[in-house]
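Colleague: Below you will find the structure I want to go over with you.
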Amino acid sequence: MPLEFDHNNERCTAVVDGTPYSSAVTDVLITTNDKTHMSEAQIGEKIIPITEAEADALTVYKAKDLRHHTIGVEPGEDSPVI
């Protein structure tokens, strides 16, 4: 689900299951889901999975970037997957 940016009002919107979630971009929190190793955005009260390109676009508009790198080990392997 793509994010929509309103550049004039510095807001972003995501529609999930027909319900729009909107927030000032500066209030959006970008985090990392440790289980999926993917980025998520908290827009309003909704946490939405996003692409890295969308996460990067949000940071350009001053969203709070709280992402971190995750390291996991594949089942049966000894070396970490980065």
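Each chain in the structure tokens gets a letter, A, B, ..., in the order shown, and its residues are numbered from 1; ligands are numbered from 1 in order too.
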Can you tell me, as number ranges by chain, what residues are no more than 10 Å from Val15 of chain A when counting only C-alpha atoms, ignoring any on the same chain fewer than 4 positions away?
Modeller: A: 1-4, 19-22, 48
Colleague: What's the 9 Å shell around Thr31 of chain A, counting only C-alpha atoms, without same-chain residues fewer than 2 positions away, as a PDB file with N, CA and C atoms, in the first residue's frame?
Modeller:
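Final output, part.pdb:
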```
ATOM      1  N   LEU A  29       6.536   7.939  13.136  1.00  0.00           N
ATOM      2  CA  LEU A  29       7.681   7.203  13.667  1.00  0.00           C
ATOM      3  C   LEU A  29       7.984   6.045  12.736  1.00  0.00           C
ATOM      4  N   ASN A  33      10.605  -3.796  12.410  1.00  0.00           N
ATOM      5  CA  ASN A  33       9.956  -4.972  12.961  1.00  0.00           C
ATOM      6  C   ASN A  33      11.025  -6.067  13.021  1.00  0.00           C
ATOM      7  N   MET A  38      11.634  -5.777   8.540  1.00  0.00           N
ATOM      8  CA  MET A  38      11.142  -4.743   7.621  1.00  0.00           C
ATOM      9  C   MET A  38      10.820  -3.478   8.398  1.00  0.00           C
ATOM     10  N   SER A  39      10.742  -2.385   7.659  1.00  0.00           N
ATOM     11  CA  SER A  39      10.394  -1.104   8.265  1.00  0.00           C
ATOM     12  C   SER A  39       8.889  -0.980   8.426  1.00  0.00           C
ATOM     13  N   GLU A  40       8.506  -0.220   9.441  1.00  0.00           N
ATOM     14  CA  GLU A  40       7.104   0.089   9.691  1.00  0.00           C
ATOM     15  C   GLU A  40       6.996   1.573  10.008  1.00  0.00           C
ATOM     16  N   ALA A  41       5.833   2.139   9.702  1.00  0.00           N
ATOM     17  CA  ALA A  41       5.571   3.532  10.037  1.00  0.00           C
ATOM     18  C   ALA A  41       4.357   3.590  10.946  1.00  0.00           C
ATOM     19  N   GLN A  42       4.466   4.361  12.008  1.00  0.00           N
ATOM     20  CA  GLN A  42       3.315   4.607  12.863  1.00  0.00           C
ATOM     21  C   GLN A  42       2.710   5.912  12.402  1.00  0.00           C
ATOM     22  N   LYS A  64      10.445  10.823  12.197  1.00  0.00           N
ATOM     23  CA  LYS A  64      11.413  10.341  13.191  1.00  0.00           C
ATOM     24  C   LYS A  64      11.869   8.938  12.792  1.00  0.00           C
ATOM     25  N   ASP A  65      13.142   8.788  12.509  1.00  0.00           N
ATOM     26  CA  ASP A  65      13.697   7.524  12.033  1.00  0.00           C
ATOM     27  C   ASP A  65      14.311   6.762  13.193  1.00  0.00           C
ATOM     28  N   LEU A  66      13.622   5.727  13.665  1.00  0.00           N
ATOM     29  CA  LEU A  66      14.092   4.914  14.780  1.00  0.00           C
ATOM     30  C   LEU A  66      14.468   3.508  14.318  1.00  0.00           C
ATOM     31  N   ARG A  67      14.735   3.344  13.013  1.00  0.00           N
ATOM     32  CA  ARG A  67      15.097   2.028  12.475  1.00  0.00           C
ATOM     33  C   ARG A  67      16.456   1.587  13.004  1.00  0.00           C
ATOM     34  N   HIS A  68      16.642   0.272  13.009  1.00  0.00           N
ATOM     35  CA  HIS A  68      17.931  -0.310  13.364  1.00  0.00           C
ATOM     36  C   HIS A  68      18.158  -1.539  12.489  1.00  0.00           C
TER      37      HIS A  68
END
```
Colleague: Excluding Asp27 of chain A and any residue of its chain fewer than 2 positions from it, enumerate the residues within 9 Å of it, using only C-alpha atoms, and give them as a VMD selection string.
Modeller: chain A and resid 23 to 25 29 42 to 44 62 to 64
Colleague: Kindly save the residues from that selection, with N, CA and C atoms included, as a PDB file, in the first residue's frame.
Modeller:
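Wrote selection-v9.pdb, looks like this:
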```
ATOM      1  N   SER A  23      -1.354  11.715   9.148  1.00  0.00           N
ATOM      2  CA  SER A  23      -0.594  12.362  10.207  1.00  0.00           C
ATOM      3  C   SER A  23       0.336  13.394   9.593  1.00  0.00           C
ATOM      4  N   ALA A  24       0.705  14.379  10.393  1.00  0.00           N
ATOM      5  CA  ALA A  24       1.791  15.267   9.992  1.00  0.00           C
ATOM      6  C   ALA A  24       3.031  14.396   9.865  1.00  0.00           C
ATOM      7  N   VAL A  25       3.815  14.593   8.831  1.00  0.00           N
ATOM      8  CA  VAL A  25       4.982  13.738   8.611  1.00  0.00           C
ATOM      9  C   VAL A  25       5.942  13.818   9.795  1.00  0.00           C
ATOM     10  N   LEU A  29       6.536   7.939  13.136  1.00  0.00           N
ATOM     11  CA  LEU A  29       7.681   7.203  13.667  1.00  0.00           C
ATOM     12  C   LEU A  29       7.984   6.045  12.736  1.00  0.00           C
ATOM     13  N   GLN A  42       4.466   4.361  12.008  1.00  0.00           N
ATOM     14  CA  GLN A  42       3.315   4.607  12.863  1.00  0.00           C
ATOM     15  C   GLN A  42       2.710   5.912  12.402  1.00  0.00           C
ATOM     16  N   ILE A  43       1.551   5.795  11.775  1.00  0.00           N
ATOM     17  CA  ILE A  43       0.834   6.960  11.256  1.00  0.00           C
ATOM     18  C   ILE A  43      -0.447   7.075  12.068  1.00  0.00           C
ATOM     19  N   GLY A  44      -0.537   8.119  12.860  1.00  0.00           N
ATOM     20  CA  GLY A  44      -1.639   8.195  13.810  1.00  0.00           C
ATOM     21  C   GLY A  44      -1.442   7.069  14.802  1.00  0.00           C
ATOM     22  N   LYS A  62      11.280  14.726   7.348  1.00  0.00           N
ATOM     23  CA  LYS A  62      11.557  14.880   8.778  1.00  0.00           C
ATOM     24  C   LYS A  62      10.736  13.973   9.687  1.00  0.00           C
ATOM     25  N   ALA A  63      10.347  12.784   9.196  1.00  0.00           N
ATOM     26  CA  ALA A  63       9.762  11.788  10.092  1.00  0.00           C
ATOM     27  C   ALA A  63      10.852  11.322  11.045  1.00  0.00           C
ATOM     28  N   LYS A  64      10.445  10.823  12.197  1.00  0.00           N
ATOM     29  CA  LYS A  64      11.413  10.341  13.191  1.00  0.00           C
ATOM     30  C   LYS A  64      11.869   8.938  12.792  1.00  0.00           C
TER      31      LYS A  64
END
```
Colleague: May I ask which of the residues A:Gly18, A:Thr26, A:Asp6, A:Thr13 is the closest one to Tyr61 of chain A, counting only C-alpha atoms?
Modeller: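 Under the stated criterion, the closest residue is A:Thr26.
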Colleague: Looking only at the backbone, which of the residues in segment 6-77 of chain A does DSSP tag as strand (DSSP E), as number ranges by chain?
Modeller: A: 6, 11-16, 19-24, 29-33, 38-43, 46-50, 64-65, 72-73
Colleague: Can you write just those residues out, N, CA and C atoms, as a CSV table (one decimal), in the first residue's frame?
Modeller:
```csv
chain,number,residue,atom,x,y,z
A,6,ASP,N,1.2,14.8,1.1
A,6,ASP,CA,0.6,16.1,0.8
A,6,ASP,C,1.7,17.1,1.1
A,11,ARG,N,1.9,16.4,5.2
A,11,ARG,CA,1.1,15.3,5.8
A,11,ARG,C,1.3,14.0,4.9
A,12,CYS,N,1.2,12.9,5.5
A,12,CYS,CA,1.1,11.6,4.8
A,12,CYS,C,-0.1,10.8,5.2
A,13,THR,N,-0.5,10.0,4.2
A,13,THR,CA,-1.7,9.2,4.4
A,13,THR,C,-1.5,7.8,3.9
A,14,ALA,N,-2.0,6.8,4.6
A,14,ALA,CA,-2.0,5.4,4.1
A,14,ALA,C,-3.4,4.9,4.3
A,15,VAL,N,-3.9,4.2,3.3
A,15,VAL,CA,-5.2,3.6,3.4
A,15,VAL,C,-5.1,2.1,3.7
A,16,VAL,N,-5.6,1.6,4.8
A,16,VAL,CA,-5.5,0.2,5.2
A,16,VAL,C,-7.0,-0.3,5.3
A,19,THR,N,-9.7,2.2,5.3
A,19,THR,CA,-9.7,3.3,6.3
A,19,THR,C,-8.4,4.1,6.1
A,20,PRO,N,-8.6,5.4,5.9
A,20,PRO,CA,-7.4,6.3,5.8
A,20,PRO,C,-6.8,6.6,7.1
A,21,TYR,N,-5.5,6.6,7.2
A,21,TYR,CA,-4.7,7.0,8.4
A,21,TYR,C,-3.8,8.1,8.0
A,22,SER,N,-3.9,9.3,8.7
A,22,SER,CA,-3.2,10.4,8.2
A,22,SER,C,-2.5,11.1,9.4
A,23,SER,N,-1.4,11.7,9.1
A,23,SER,CA,-0.6,12.4,10.2
A,23,SER,C,0.3,13.4,9.6
A,24,ALA,N,0.7,14.4,10.4
A,24,ALA,CA,1.8,15.3,10.0
A,24,ALA,C,3.0,14.4,9.9
A,29,LEU,N,6.5,7.9,13.1
A,29,LEU,CA,7.7,7.2,13.7
A,29,LEU,C,8.0,6.0,12.7
A,30,ILE,N,9.2,5.9,12.3
A,30,ILE,CA,9.7,4.8,11.5
A,30,ILE,C,10.5,3.9,12.4
A,31,THR,N,10.0,2.6,12.4
A,31,THR,CA,10.7,1.6,13.3
A,31,THR,C,11.0,0.4,12.4
A,32,THR,N,11.7,-0.5,13.1
A,32,THR,CA,12.0,-1.8,12.5
A,32,THR,C,11.3,-2.9,13.2
A,33,ASN,N,10.6,-3.8,12.4
A,33,ASN,CA,10.0,-5.0,13.0
A,33,ASN,C,11.0,-6.1,13.0
A,38,MET,N,11.6,-5.8,8.5
A,38,MET,CA,11.1,-4.7,7.6
A,38,MET,C,10.8,-3.5,8.4
A,39,SER,N,10.7,-2.4,7.7
A,39,SER,CA,10.4,-1.1,8.3
A,39,SER,C,8.9,-1.0,8.4
A,40,GLU,N,8.5,-0.2,9.4
A,40,GLU,CA,7.1,0.1,9.7
A,40,GLU,C,7.0,1.6,10.0
A,41,ALA,N,5.8,2.1,9.7
A,41,ALA,CA,5.6,3.5,10.0
A,41,ALA,C,4.4,3.6,10.9
A,42,GLN,N,4.5,4.4,12.0
A,42,GLN,CA,3.3,4.6,12.9
A,42,GLN,C,2.7,5.9,12.4
A,43,ILE,N,1.6,5.8,11.8
A,43,ILE,CA,0.8,7.0,11.3
A,43,ILE,C,-0.4,7.1,12.1
A,46,LYS,N,-1.9,3.8,13.9
A,46,LYS,CA,-1.8,2.6,13.1
A,46,LYS,C,-0.4,2.4,12.7
A,47,ILE,N,0.1,1.1,12.9
A,47,ILE,CA,1.4,0.7,12.5
A,47,ILE,C,1.3,0.0,11.1
A,48,ILE,N,2.0,0.5,10.1
A,48,ILE,CA,1.9,0.1,8.8
A,48,ILE,C,3.2,-0.4,8.2
A,49,PRO,N,3.3,-1.6,7.6
A,49,PRO,CA,4.5,-2.0,7.0
A,49,PRO,C,4.8,-1.1,5.8
A,50,ILE,N,6.1,-0.7,5.6
A,50,ILE,CA,6.4,0.2,4.5
A,50,ILE,C,7.7,-0.3,3.8
A,64,LYS,N,10.4,10.8,12.2
A,64,LYS,CA,11.4,10.3,13.2
A,64,LYS,C,11.9,8.9,12.8
A,65,ASP,N,13.1,8.8,12.5
A,65,ASP,CA,13.7,7.5,12.0
A,65,ASP,C,14.3,6.8,13.2
A,72,GLY,N,19.9,-11.9,12.1
A,72,GLY,CA,19.3,-13.2,12.4
A,72,GLY,C,20.2,-14.4,12.0
A,73,VAL,N,19.8,-15.5,12.4
A,73,VAL,CA,20.5,-16.7,12.0
A,73,VAL,C,19.5,-17.6,11.4
```
Colleague: Could you state the separation of atom CA of His7 of chain A and atom CA of Asp56 of chain A in Å, given to one decimal place?
Modeller: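 Atom CA of Asp56 of chain A lies at a distance of 15.3 Å from atom CA of His7 of chain A.
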Colleague: Would you mind reading off the distance between atom CA of Thr70 of chain A and atom CA of Asp17 of chain A, one decimal, in Å?
Modeller: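 Atom CA of Asp17 of chain A lies 28.7 Å from atom CA of Thr70 of chain A.
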Colleague: Name the residues of chain A that fall into alpha helix (DSSP H) according to DSSP on the backbone, using the chain letters and numbers of this document, as a count of residues only.
Modeller: 9
Colleague: Would you compute the distance between atom CA of Thr51 of chain A and atom CA of Asn9 of chain A? Give it in Å to one decimal.
Modeller: 22.6 Å
